[in-house]
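Source file: start_27.txt (compact mmCIF, C-alpha atoms and all ligand atoms)
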```txt
# COMPACT_ATOMS: atom_id res chain seq x y z
CA MET A 1 66.54 163.14 -141.16
CA PHE A 2 64.29 164.84 -138.63
CA LEU A 3 63.14 161.45 -137.36
CA THR A 4 66.74 160.20 -136.99
CA ARG A 5 67.61 163.35 -135.05
CA LEU A 6 64.51 162.96 -132.93
CA ILE A 7 65.31 159.32 -132.14
CA SER A 8 68.95 160.03 -131.32
CA GLY A 9 67.83 163.00 -129.21
CA PHE A 10 65.44 160.71 -127.38
CA GLY A 11 68.31 158.28 -126.76
CA ASP A 12 70.40 161.08 -125.25
CA LEU A 13 67.49 162.09 -123.07
CA LEU A 14 66.98 158.51 -121.88
CA GLN A 15 70.69 158.27 -121.12
CA LEU A 16 70.43 161.46 -119.05
CA PHE A 17 67.60 160.16 -116.88
CA PHE A 18 68.34 156.43 -116.97
CA PRO A 19 72.07 156.05 -117.57
CA SER A 20 73.37 152.58 -118.49
CA TYR A 21 76.47 151.27 -116.82
CA CYS A 22 79.16 149.02 -118.23
CA ILE A 23 78.78 145.51 -116.82
CA HIS A 24 82.57 145.10 -116.73
CA CYS A 25 84.01 148.36 -115.36
CA SER A 26 80.84 150.18 -114.14
CA ASP A 27 81.65 153.25 -116.23
CA ILE A 28 78.73 154.96 -117.98
CA SER A 29 77.99 153.24 -121.29
CA GLY A 30 75.71 154.30 -124.15
CA ALA A 31 71.94 153.91 -123.72
CA GLY A 32 71.07 150.22 -123.73
CA GLN A 33 74.74 149.21 -124.11
CA SER A 34 76.05 146.52 -121.79
CA LEU A 35 79.69 147.58 -122.29
CA CYS A 36 81.33 151.02 -122.45
CA SER A 37 83.26 151.79 -125.61
CA GLY A 38 86.61 151.14 -123.86
CA CYS A 39 85.57 147.62 -122.85
CA ARG A 40 83.84 146.89 -126.14
CA VAL A 41 87.11 147.27 -128.07
CA LYS A 42 88.68 144.70 -125.73
CA LEU A 43 86.33 141.95 -126.99
CA ILE A 44 88.33 139.54 -129.10
CA GLY A 45 86.42 138.41 -132.17
CA LEU A 46 87.43 134.98 -133.38
CA ASP A 47 88.14 136.36 -136.83
CA GLU A 48 91.01 138.31 -135.22
CA LEU A 49 92.75 135.18 -133.92
CA GLU A 50 94.92 133.26 -136.28
CA GLY A 51 94.45 129.50 -136.14
CA MET A 52 91.16 129.70 -134.26
CA ASP A 53 89.18 127.88 -136.96
CA HIS A 54 91.56 124.97 -136.72
CA TYR A 55 91.49 125.09 -132.94
CA LEU A 56 87.71 124.87 -132.82
CA LYS A 57 87.46 122.12 -135.37
CA GLY A 58 90.35 120.27 -133.73
CA LEU A 59 88.59 120.38 -130.37
CA PHE A 60 86.03 117.88 -131.67
CA ASP A 61 88.30 115.83 -133.92
CA GLY A 62 87.76 112.15 -133.30
CA ARG A 63 84.88 112.96 -130.92
CA LEU A 64 82.12 114.27 -133.16
CA PRO A 65 81.65 114.54 -136.91
CA LEU A 66 80.73 118.24 -137.16
CA GLU A 67 79.80 120.22 -140.22
CA ARG A 68 80.98 123.35 -138.53
CA ALA A 69 82.17 124.69 -135.14
CA CYS A 70 82.30 128.41 -134.51
CA ALA A 71 82.05 131.08 -131.83
CA LEU A 72 81.72 134.85 -131.72
CA TYR A 73 84.38 135.74 -129.13
CA ALA A 74 87.43 134.33 -127.40
CA PHE A 75 86.81 133.89 -123.67
CA LYS A 76 89.46 135.20 -121.32
CA GLU A 77 89.22 135.37 -117.56
CA ARG A 78 88.64 138.80 -116.00
CA SER A 79 87.90 140.23 -119.45
CA PRO A 80 84.71 141.98 -120.62
CA ILE A 81 83.44 138.76 -122.22
CA GLN A 82 83.51 137.04 -118.81
CA SER A 83 81.41 139.86 -117.35
CA LEU A 84 78.93 139.59 -120.23
CA LEU A 85 78.57 135.82 -119.81
CA HIS A 86 78.25 136.16 -116.03
CA GLY A 87 75.55 138.82 -116.44
CA LEU A 88 73.65 136.63 -118.90
CA LYS A 89 73.86 133.57 -116.68
CA TYR A 90 73.40 134.95 -113.19
CA LYS A 91 72.10 138.53 -113.30
CA ASP A 92 68.98 138.24 -115.43
CA ARG A 93 70.67 140.12 -118.29
CA LYS A 94 68.78 138.44 -121.11
CA ASP A 95 69.50 141.51 -123.27
CA ILE A 96 73.12 140.28 -123.49
CA GLY A 97 71.96 136.92 -124.85
CA ARG A 98 69.69 138.65 -127.35
CA GLU A 99 72.61 140.74 -128.60
CA PHE A 100 74.81 137.64 -128.99
CA GLY A 101 71.96 135.97 -130.88
CA ARG A 102 71.46 138.99 -133.13
CA LEU A 103 75.14 138.93 -134.15
CA MET A 104 75.13 135.17 -134.65
CA GLY A 105 71.92 135.39 -136.71
CA GLU A 106 73.44 138.09 -138.92
CA ASP A 107 76.49 135.88 -139.46
CA LEU A 108 74.32 132.86 -140.30
CA LYS A 109 72.73 134.76 -143.16
CA GLU A 110 76.14 134.65 -144.88
CA TRP A 111 76.63 130.89 -144.55
CA LYS A 112 76.57 129.00 -147.84
CA VAL A 113 75.11 125.87 -146.25
CA LYS A 114 72.56 126.90 -143.64
CA PRO A 115 71.29 124.66 -140.84
CA ASP A 116 67.64 123.59 -140.91
CA PHE A 117 67.14 124.09 -137.19
CA ILE A 118 68.64 125.96 -134.23
CA VAL A 119 68.88 123.83 -131.06
CA PRO A 120 69.66 125.27 -127.61
CA VAL A 121 71.70 123.26 -125.08
CA PRO A 122 69.22 122.61 -122.24
CA ILE A 123 69.65 123.36 -118.56
CA HIS A 124 68.18 121.24 -115.80
CA PRO A 125 64.53 122.14 -114.96
CA LYS A 126 65.50 122.89 -111.34
CA LYS A 127 68.11 125.36 -112.49
CA ARG A 128 65.69 126.86 -115.00
CA ARG A 129 63.10 127.45 -112.28
CA LYS A 130 65.71 129.15 -110.12
CA ARG A 131 67.17 131.29 -112.91
CA GLY A 132 63.86 131.85 -114.70
CA TYR A 133 65.31 131.13 -118.15
CA ASN A 134 67.82 129.11 -120.11
CA GLN A 135 70.53 131.42 -121.45
CA ALA A 136 71.19 129.18 -124.49
CA GLU A 137 67.50 129.41 -125.37
CA VAL A 138 67.59 133.23 -125.17
CA ILE A 139 70.49 133.23 -127.64
CA ALA A 140 68.81 130.62 -129.88
CA GLU A 141 65.55 132.59 -130.08
CA ALA A 142 67.38 135.76 -131.07
CA ILE A 143 69.34 133.86 -133.74
CA SER A 144 66.05 132.56 -135.07
CA GLU A 145 64.47 136.03 -135.16
CA ASN A 146 67.44 137.39 -137.10
CA SER A 147 68.03 134.48 -139.48
CA GLY A 148 64.52 133.09 -139.98
CA ILE A 149 65.71 129.58 -139.02
CA ALA A 150 63.34 127.78 -136.62
CA VAL A 151 64.28 126.72 -133.08
CA ARG A 152 63.81 123.04 -132.15
CA ASP A 153 63.98 122.15 -128.49
CA ILE A 154 65.05 118.53 -128.72
CA PHE A 155 67.22 117.87 -125.68
CA GLU A 156 66.36 117.51 -122.02
CA ARG A 157 68.64 117.22 -119.01
CA VAL A 158 67.76 114.03 -117.21
CA GLU A 159 70.06 113.98 -114.23
CA HIS A 160 71.17 116.66 -111.83
CA SER A 161 74.89 116.75 -111.11
CA GLY A 162 74.27 117.93 -107.51
CA SER A 163 77.45 119.07 -105.86
CA ASN A 164 80.15 119.49 -108.46
CA THR A 165 82.95 120.78 -106.29
CA LYS A 166 85.23 117.96 -107.39
CA LEU A 167 85.11 119.12 -110.97
CA SER A 168 87.74 121.38 -112.42
CA ARG A 169 87.04 125.05 -112.89
CA TRP A 170 86.32 124.61 -116.60
CA GLU A 171 84.19 121.54 -116.06
CA ARG A 172 82.05 123.44 -113.56
CA TRP A 173 81.22 126.00 -116.23
CA GLU A 174 79.69 123.23 -118.24
CA ASN A 175 78.26 121.07 -115.45
CA VAL A 176 79.53 117.82 -116.88
CA GLY A 177 78.09 114.79 -115.19
CA GLU A 178 74.59 115.55 -116.36
CA SER A 179 73.17 113.52 -119.17
CA PHE A 180 70.61 114.21 -121.85
CA SER A 181 67.64 112.66 -123.50
CA CYS A 182 66.90 113.44 -127.14
CA ARG A 183 63.46 113.56 -128.79
CA SER A 184 63.05 111.89 -132.16
CA ILE A 185 64.65 113.98 -134.88
CA ASP A 186 64.81 114.14 -138.64
CA GLU A 187 67.59 111.97 -140.09
CA SER A 188 68.07 114.21 -143.08
CA ALA A 189 68.24 117.57 -141.26
CA TYR A 190 71.18 119.79 -140.35
CA TYR A 191 71.00 121.02 -136.74
CA LEU A 192 73.02 123.84 -135.19
CA LEU A 193 73.59 123.45 -131.45
CA ILE A 194 73.76 126.73 -129.48
CA ASP A 195 75.39 127.47 -126.14
CA ASP A 196 76.77 130.49 -124.31
CA VAL A 197 80.33 129.28 -123.80
CA LEU A 198 82.40 126.39 -125.07
CA THR A 199 85.06 125.14 -122.65
CA THR A 200 85.93 121.44 -122.79
CA GLY A 201 83.16 120.60 -125.25
CA ALA A 202 81.86 117.87 -122.90
CA THR A 203 78.25 119.13 -122.84
CA ILE A 204 78.16 119.48 -126.59
CA GLU A 205 79.68 116.04 -127.06
CA ALA A 206 77.06 114.52 -124.73
CA CYS A 207 74.15 116.21 -126.56
CA ILE A 208 75.21 115.56 -130.12
CA GLY A 209 76.45 112.09 -129.23
CA LYS A 210 72.98 111.24 -127.99
CA ALA A 211 71.33 112.69 -131.10
CA LEU A 212 73.63 110.70 -133.39
CA GLN A 213 72.76 107.52 -131.53
CA ASN A 214 69.07 108.16 -132.24
CA ALA A 215 69.49 109.57 -135.75
CA PRO A 216 72.89 108.62 -137.23
CA GLY A 217 72.08 110.41 -140.48
CA SER A 218 71.50 113.83 -138.88
CA ARG A 219 74.16 116.49 -139.42
CA TRP A 220 75.40 118.81 -136.70
CA GLY A 221 77.19 122.08 -136.20
CA VAL A 222 78.04 124.08 -133.07
CA TYR A 223 77.86 127.83 -132.52
CA THR A 224 78.62 129.43 -129.14
CA ALA A 225 78.86 133.06 -128.04
CA ALA A 226 82.36 132.46 -126.67
CA VAL A 227 85.08 129.82 -126.59
CA VAL A 228 87.79 129.46 -123.99
CA TRP A 229 91.07 130.43 -125.55
CA ARG A 230 94.29 129.52 -123.82
CA ASP A 231 97.26 131.07 -125.56
ZN ZN B 1 83.68 149.29 -119.34
```

Step by step, read the file and then write its structure as structure tokens.
Amino acid sequence: MFLTRLISGFGDLLQLFFPSYCIHCSDISGAGQSLCSGCRVKLIGLDELEGMDHYLKGLFDGRLPLERACALYAFKERSPIQSLLHGLKYKDRKDIGREFGRLMGEDLKEWKVKPDFIVPVPIHPKKRRKRGYNQAEVIAEAISENSGIAVRDIFERVEHSGSNTKLSRWERWENVGESFSCRSIDESAYYLLIDDVLTTGATIEACIGKALQNAPGSRWGVYTAAVVWRD
């Protein structure tokens, strides 16, 4: 009791000297919180959207044989989830990726059939050097810490897309045009591919397609922090 009060008191004190600001509206948020409470309630969990399971599965119908396709949140433009993803990708906010991964890891614990390995979607080495990290890897590592399932880094980007101004807005998010190489993998394993946001599914299709060429018996699922939802 005393310890809880001490810790919460310490949090208040930290907040007083080092206030955190909401990444979406710049209002003061709780200590260590990337969103204020007003913006947090605007996040749309996929469990709140009717038909989303079918939408996600349908997105890959006839393209990939997936065991499972899921996401934490629906992505809407100019919404708090866009600010979170932007912060994670471009503003060194790895804490946001770790929080996504924590939630995804907690969810994974409830799955009846669990994947054997967590696999991050890779980014090109040039981009990684510039950014300092791969956001999908940050999420994957946090999932692993919370679920106990090991991370396997099996894909590599092999071609840089260069200028991608001709691509559509959604395609640019995913940098289609790059291709992947896949290390040798276990035919009998179930892999869960992790990314920050799912838009057209082109990146995921390219990765898993490559893996299935090399190991047709491997099983695959997809889990992203957000999925573009056009209603
Ligand atoms: Zn806010």

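With atom CA of A:Leu72 on one side and atom CA of A:Gly30 on the other, the separation reads 21.7 Å.
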
Problem - Surroundings of ligand ZN 1 (chain B) up to 12 Å, based on all atoms listed in the file, as an MDAnalysis selection string - result: chainID A and resid 20:30 33:43 79:81 83:84

Practice task
Could you jot down the atom CA of A:Ile123 to atom CA of A:Ile44 separation for me, Å, one decimal place?
Solution key: 26.9 Å

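You will find atom CA of A:Leu49 at 9.8 Å from atom CA of A:Trp229.
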
Practice task
Could you give me, as a list in words, the residues within 8 Å of A:Glu99, counting only C-alpha atoms and dropping anything in the same chain fewer than 3 positions from it?
Solution key: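 Final neighbour list, sorted by chain and number: Asp95, Ile96, Arg102, Leu103, Ile139 and Ala142 of chain A.
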
Exercise for the section: Kindly indicate which residue among A:Ile208, A:Cys70, A:Val222, A:Leu46 lies nearest to A:Ile118, using all atoms listed in the file for the distances. Expected result: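 Counting all atoms listed in the file, the residue closest to A:Ile118 is A:Val222.
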
Handout entry: Polymer residues at most 6 Å from (77.7, 135.1, -120.0) by all atoms listed in the file, as a PyMOL selection string
Key = chain A and resi 84-89

Tell me which protein, DNA and RNA residues are within 12 Å of stretch 56-59 of chain A, counting only C-alpha atoms, leaving out same-chain ones fewer than 3 positions away, and put them as a compact mmCIF listing (two decimals) with C-alpha atoms, in the frame of the given file.
```txt
# COMPACT_ATOMS: atom_id res chain seq x y z
CA LEU A 46 87.43 134.98 -133.38
CA LEU A 49 92.75 135.18 -133.92
CA GLU A 50 94.92 133.26 -136.28
CA GLY A 51 94.45 129.50 -136.14
CA MET A 52 91.16 129.70 -134.26
CA ASP A 53 89.18 127.88 -136.96
CA GLY A 62 87.76 112.15 -133.30
CA ARG A 63 84.88 112.96 -130.92
CA LEU A 64 82.12 114.27 -133.16
CA PRO A 65 81.65 114.54 -136.91
CA LEU A 66 80.73 118.24 -137.16
CA GLU A 67 79.80 120.22 -140.22
CA ARG A 68 80.98 123.35 -138.53
CA ALA A 69 82.17 124.69 -135.14
CA CYS A 70 82.30 128.41 -134.51
CA ALA A 71 82.05 131.08 -131.83
CA LEU A 72 81.72 134.85 -131.72
CA TYR A 73 84.38 135.74 -129.13
CA ALA A 74 87.43 134.33 -127.40
CA LEU A 198 82.40 126.39 -125.07
CA THR A 199 85.06 125.14 -122.65
CA THR A 200 85.93 121.44 -122.79
CA GLY A 201 83.16 120.60 -125.25
CA ALA A 202 81.86 117.87 -122.90
CA ILE A 204 78.16 119.48 -126.59
CA GLU A 205 79.68 116.04 -127.06
CA GLY A 221 77.19 122.08 -136.20
CA VAL A 222 78.04 124.08 -133.07
CA TYR A 223 77.86 127.83 -132.52
CA THR A 224 78.62 129.43 -129.14
CA ALA A 226 82.36 132.46 -126.67
CA VAL A 227 85.08 129.82 -126.59
CA VAL A 228 87.79 129.46 -123.99
CA TRP A 229 91.07 130.43 -125.55
```

Handout entry: From A:Ser218, A:Thr203, A:Gln135, A:Ser144, residue lying nearest A:Arg157 [only C-alpha atoms]
Key =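 Answer, going by the shortest atom-to-atom distance: A:Thr203.
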
Practice task
Identify the residues around (69.0, 130.7, -129.4) within a radius of 10 Å, measuring from only C-alpha atoms in the coordinates stated by the file, and give them as a ChimeraX atom specification.
Solution key: /A:97-98,100-102,104-105,118-121,134-145,150-153,192-196,223-224

Handout entry: Residue nearest A:Phe117 among A:Ser147, A:Gln82, A:Asn214, A:Ser179 (counting all atoms listed in the file)
Key = A:Ser147

Might I get the box with edges along x, y and z of the file that holds all atoms of stretch 109-125 of chain A listed there, padded by 3 Å on every side, given as centre and edge lengths in Å to one decimal, as AutoDock Vina command-line options?
```
--center_x 70.6 --center_y 128.0 --center_z -131.4 --size_x 18.1 --size_y 19.5 --size_z 38.9
```

Handout entry: Nearby residues (only C-alpha atoms) at most 7 Å from A:Phe180, same-chain spacing under 2 positions excluded, as a VMD selection string
Key = chain A and resid 155 to 158 178 182 207

Exercise for the section: Write out as a PyMOL selection string which residues come within 8 Å of A:Ala215 when counting only C-alpha atoms, dropping same-chain ones fewer than 6 positions away. Expected result: chain A and resi 184-187
